[in-house]
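The block underneath contains the structure these notes are about, expressed in structure tokens.
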Amino acid sequence: MRTGLTKRITAALAATLGLALALSGCGATGGASVDADATGADGKQVVVVNDVEPASGLIPSDTNDLAGWKVVTQLFEGLVTFSSTGKLIYADAESITPNDDASQYTIKLRDGLEFSDGEKITAETYAKSWSFAANAANGQMGAAIFATIKGYDKLQDEHGDKNAQLEGLKVIDDQTLQVTLAAPDSSFDYKVGDVAFLPLPSSAYKDIKAFGEKPVGNGPYQFASWRHDSEIKLTPNPKYTGPRKAQNGGVTYKLYTNLESAYADLTAGNLDVLDSIPNSALATYKNEDSIQSFSKAGPGFKAFTIPSNLKHFTGEEGRLRRAAISYAVNRDRIVDKVLRGTATVATDFTAPSIAGYSKSLSGSDVLSYDAAKAKELWAKADAISPWDGTFRLAYASDSGSKQWVDAIVNSIKNALGIDAKSYPFPTQKDFSGAVHDRTIDAAFTQGLQSDYPHPEGYLVQAYDSSAADGKGLNNGDYKSSEFDSLIDEAAKQTTLDGSVKYYHQAEELLLKDLPVIPLWYGNVSAGASKGVKNVKFNYMGLPEYQNLVKE
């Protein structure tokens with residue numbers, strides 16, 4: 001059953017949209033004044049970081065924006081967490097063991113788990129939380145990710161029983177949960193690290209909306225207060241026994257509506273960590289004496305898609321032209337001159353913080369700039385069918401992409417000697433509508449970021465046949481039975497190394513077919529005040545809040 005795999009798309013797209021919201025900002029001012037020198041109950045300094053007002057209450061299964069994700073993932077702990085390079089780390093789980101074909105998993109919980117109010121966390125806690133999240137009657141935005149669990153379809157009645165449980169969940173005892181899936185899924189132990197899989201206490205079900213205003217969690221921090229449009233305060237959770245123990249006196253999220261204001265606060269010493277530098281400061285922030293600057297490859301994958309039915313880009317002619325186009329893009333120069341070093345040139349179809357990321361895939365030379373090779377391949381394609389017309393690359397005018405899109409088309413024009421033009425749409429809404437309706441009739445920009453660091457979140461969602469024809473993020477409608485078979489084999493593996501082997505083979509096929517032209521990974525461009533130590537960034541490109549220490 002392949003269709004279940006595509007249901008993760010909604011959350012993957014939501015993560016991308018949430019990231020864009022947090023990075024762009026809007027409005028004119030920051031939140032109210034926050035004391036940057038506050039101390040916690042243990043005498044350790046409280047760290048002040050940036051955020052924007054979350055889109056909804058602080059409920060794990062109803063969080064689909066990055067602003068809420070930043071806070072919710074500190075208030076709650078799940079079965080697993082991840083290192084900055086995408087390595088799985090057990091948290092509430094002691095083990096997660098698949099059967100022979102990864103269609104069923106047995107989860108063992110650690111002893112002594114509690115919410116911050118003292119309520120015990122058991123297998124029943126997780127079974128009830130996941131069923132609540134998956135049940136359409138409860139209206140949770142993160143529901144789609146539970147489609148991989150048997151019985152999900154039976155819970156998709158918005159007017160059904162709100163207490164109905166997922167058929168595929170079986171509580172063996174307080175510490176053991178057996179999960180039966182609708183189809184093999186080797187990424188399941190990573191998927192449970194998604195925010196929607198975080199556990200809820202029994203108090204949440206009495207009034208879920210009120211709970212979202214004053215949540216009770218099991219993470220490294222506990223909720224203190226939320227002044228809407230101003231600040232959210234968290235304090236260390238003394239009952240937390242997991243791998244992310246707070247090293248500071250707490251975290252205060254100062255809620256901004258403008259990155260410029262946040263950056264001004266950072267340089268003035270009123271903000272301890274800023275996770276995104278505004279465009280106006282990208283060229284200078286690394287030379288700002290009053291702050292520490294950071295730049296590293298992040299989880300966002302950027303490419304442009306050439307639709308499978310676009311004239312001159314089908315069959316063998318299309319394969320040659322796609323490779324020629326890829327060779328014609330001078331990624332290094334664009335990253336250096338246009339993006340000011342705020343991106344890292346792509347070497348695969350995932351991202352550096354994702355498990356299985358590779359710099360050495362066979363065929364990855366097609367991602368390098370080689371004008372001579374580009375012309376040679378273009379000429380071979382012309383021998384099949386002479387080129388006519390203009391190569392157009394579409395984008396949304398309000399996306400901030402104009403400069404680098406112009407640079408790409410100029411690189412293609414100069415390398416191949418053809419007419420190439422940028423093709424702007426007035427708004428993101430117009431652009432997305434044309435992509436979705438398949439009326440765009442041009443190549444178009446596309447990005448992807450999954451909120452669990454596994455290749456499945458990138459490769460299945462964007463290239464599997466089941467995600468084509470408007471059913472997912474395969475917006476170029478690429479269809480390859482060979483690719484699908486490799487993805488199916490990856491899903492049946494019971495070890496990460498076993499699945500990565502097939503994912504790499506699938507990526508090497510993509511390097512031959514090039515349904516999209518990989519460009520780069522967006523860098524984490526961030527800053528911190530001089531007195532902050534242990535500034536590191538997680539697999540989502542956000543600070544590891546629990547490790548931040550202020551002198």
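Chain lettering (A, B, ...) mirrors the order of the structure tokens, residue numbering begins at 1 for each chain separately, and ligand numbering begins at 1 in order of display.
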
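Shell of Pro455 of chain A at 8 Å, with only C-alpha atoms counted and residues fewer than 4 places along the chain excluded, is Thr350, Ile354, Ala355, Gly356, Tyr357, Leu459, Val460, Val500 and Tyr503 of chain A.
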
* To do: Identify, on the basis of only C-alpha atoms, every residue whose closest approach to Lys311 of chain A does not exceed 12 Å; exclude the query and any residue fewer than 5 positions from it along the same chain; express the result as a PyMOL selection string.
  => chain A and resi 306+317-318+321-322+385-392+441-443

* **Selected residue, from A:Leu542, A:Ile149, A:Val80, A:Leu177, that lies nearest to Pro243 of chain A when counting only C-alpha atoms** => A:Val80

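Taking only segment 353-480 of chain A, the residues that DSSP calls strand (DSSP E) from the backbone come to Phe391, Arg392, Leu393, Ala394, Tyr395, Ala396, Ala420, Lys421, Ser422, Tyr423, Pro424, Phe425, Ala443, Phe444, Thr445, Gln446, Gly447 and Leu448 of chain A.
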
Store the residues of this selection in a file with C-alpha atoms, as a PDB file, in the first residue's frame.
ATOM      1  CA  PHE A 391      13.570  28.411 -21.258  1.00  0.00           C
ATOM      2  CA  ARG A 392      11.517  30.032 -18.497  1.00  0.00           C
ATOM      3  CA  LEU A 393      12.023  29.717 -14.738  1.00  0.00           C
ATOM      4  CA  ALA A 394       8.949  30.706 -12.716  1.00  0.00           C
ATOM      5  CA  TYR A 395       8.890  32.079  -9.168  1.00  0.00           C
ATOM      6  CA  ALA A 396       6.719  34.250  -6.902  1.00  0.00           C
ATOM      7  CA  ALA A 420      16.324  32.043 -21.034  1.00  0.00           C
ATOM      8  CA  LYS A 421      14.113  34.278 -18.892  1.00  0.00           C
ATOM      9  CA  SER A 422      12.780  34.637 -15.372  1.00  0.00           C
ATOM     10  CA  TYR A 423       9.019  34.157 -15.202  1.00  0.00           C
ATOM     11  CA  PRO A 424       7.622  36.025 -12.171  1.00  0.00           C
ATOM     12  CA  PHE A 425       4.131  35.508 -10.736  1.00  0.00           C
ATOM     13  CA  ALA A 443      10.279  25.246 -14.960  1.00  0.00           C
ATOM     14  CA  PHE A 444       9.636  26.554 -11.440  1.00  0.00           C
ATOM     15  CA  THR A 445      11.405  27.003  -8.116  1.00  0.00           C
ATOM     16  CA  GLN A 446      10.640  24.615  -5.290  1.00  0.00           C
ATOM     17  CA  GLY A 447      11.900  24.023  -1.765  1.00  0.00           C
ATOM     18  CA  LEU A 448      11.432  21.263   0.787  1.00  0.00           C
TER      19      LEU A 448
END

* So which residues touch Thr176 of chain A within 10 Å, counting only C-alpha atoms, skipping near sequence neighbours fewer than 4 positions away, as a PyMOL selection string? -> chain A and resi 93-96+106-110+122-124+170-172

* Structure fact -> For Met141 of chain A, the closest of A:Ala383, A:Ala371, A:Ile59, A:Ile487 counting only C-alpha atoms is A:Ile59

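Considering only C-alpha atoms, the residue among A:Thr148, A:Asn475, A:Pro201, A:Lys239 positioned nearest to Ala434 of chain A is A:Asn475.
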
* Once DSSP has gone over the backbone, tell me which residues of segment 138-191 of chain A are in alpha helix (DSSP H), as a PyMOL selection string. => chain A and resi 188-191

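The shortest atom-to-atom distance to Ala143 of chain A, with only C-alpha atoms taken into account, belongs to A:Pro60 out of A:Gly168, A:Gly193, A:Pro60, A:Pro220.
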
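Comparing the minimum interatomic distances between Asn538 of chain A and each of A:Ser397, A:Thr267, A:Ser353, A:Ser261, counting only C-alpha atoms, we find that A:Ser353 sits nearest.
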
* To do: Tell me, as a list in words, which residues lie within 8 Å of Ala164 of chain A, counting only C-alpha atoms; anything in the same chain fewer than 6 positions away does not count.
  => Ser131, Phe132, Asn135 and Leu155 of chain A

* To do: Write out as a list in words which residues come within 7 Å of segment 229-231 of chain A when counting only C-alpha atoms, dropping same-chain ones fewer than 2 positions away.
  => Gly31, Ala32, Glu53, Trp226, Arg227, Lys233, Thr252, Tyr253, Lys254 and Leu255 of chain A

* To do: Find the residues near His454 of chain A: any atom within 12 Å, counting only C-alpha atoms, skip ones fewer than 4 places away on the same chain, and give them as a ChimeraX atom specification.
  => /A:12,82,85-88,185-194,299,349-357,449-450,458-461,490-491,496-497,499-500,503,539-540

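Closest approach to Leu271 of chain A among A:Gly219, A:Gly531, A:Gly78, A:Gly298: A:Gly531, based on only C-alpha atoms.
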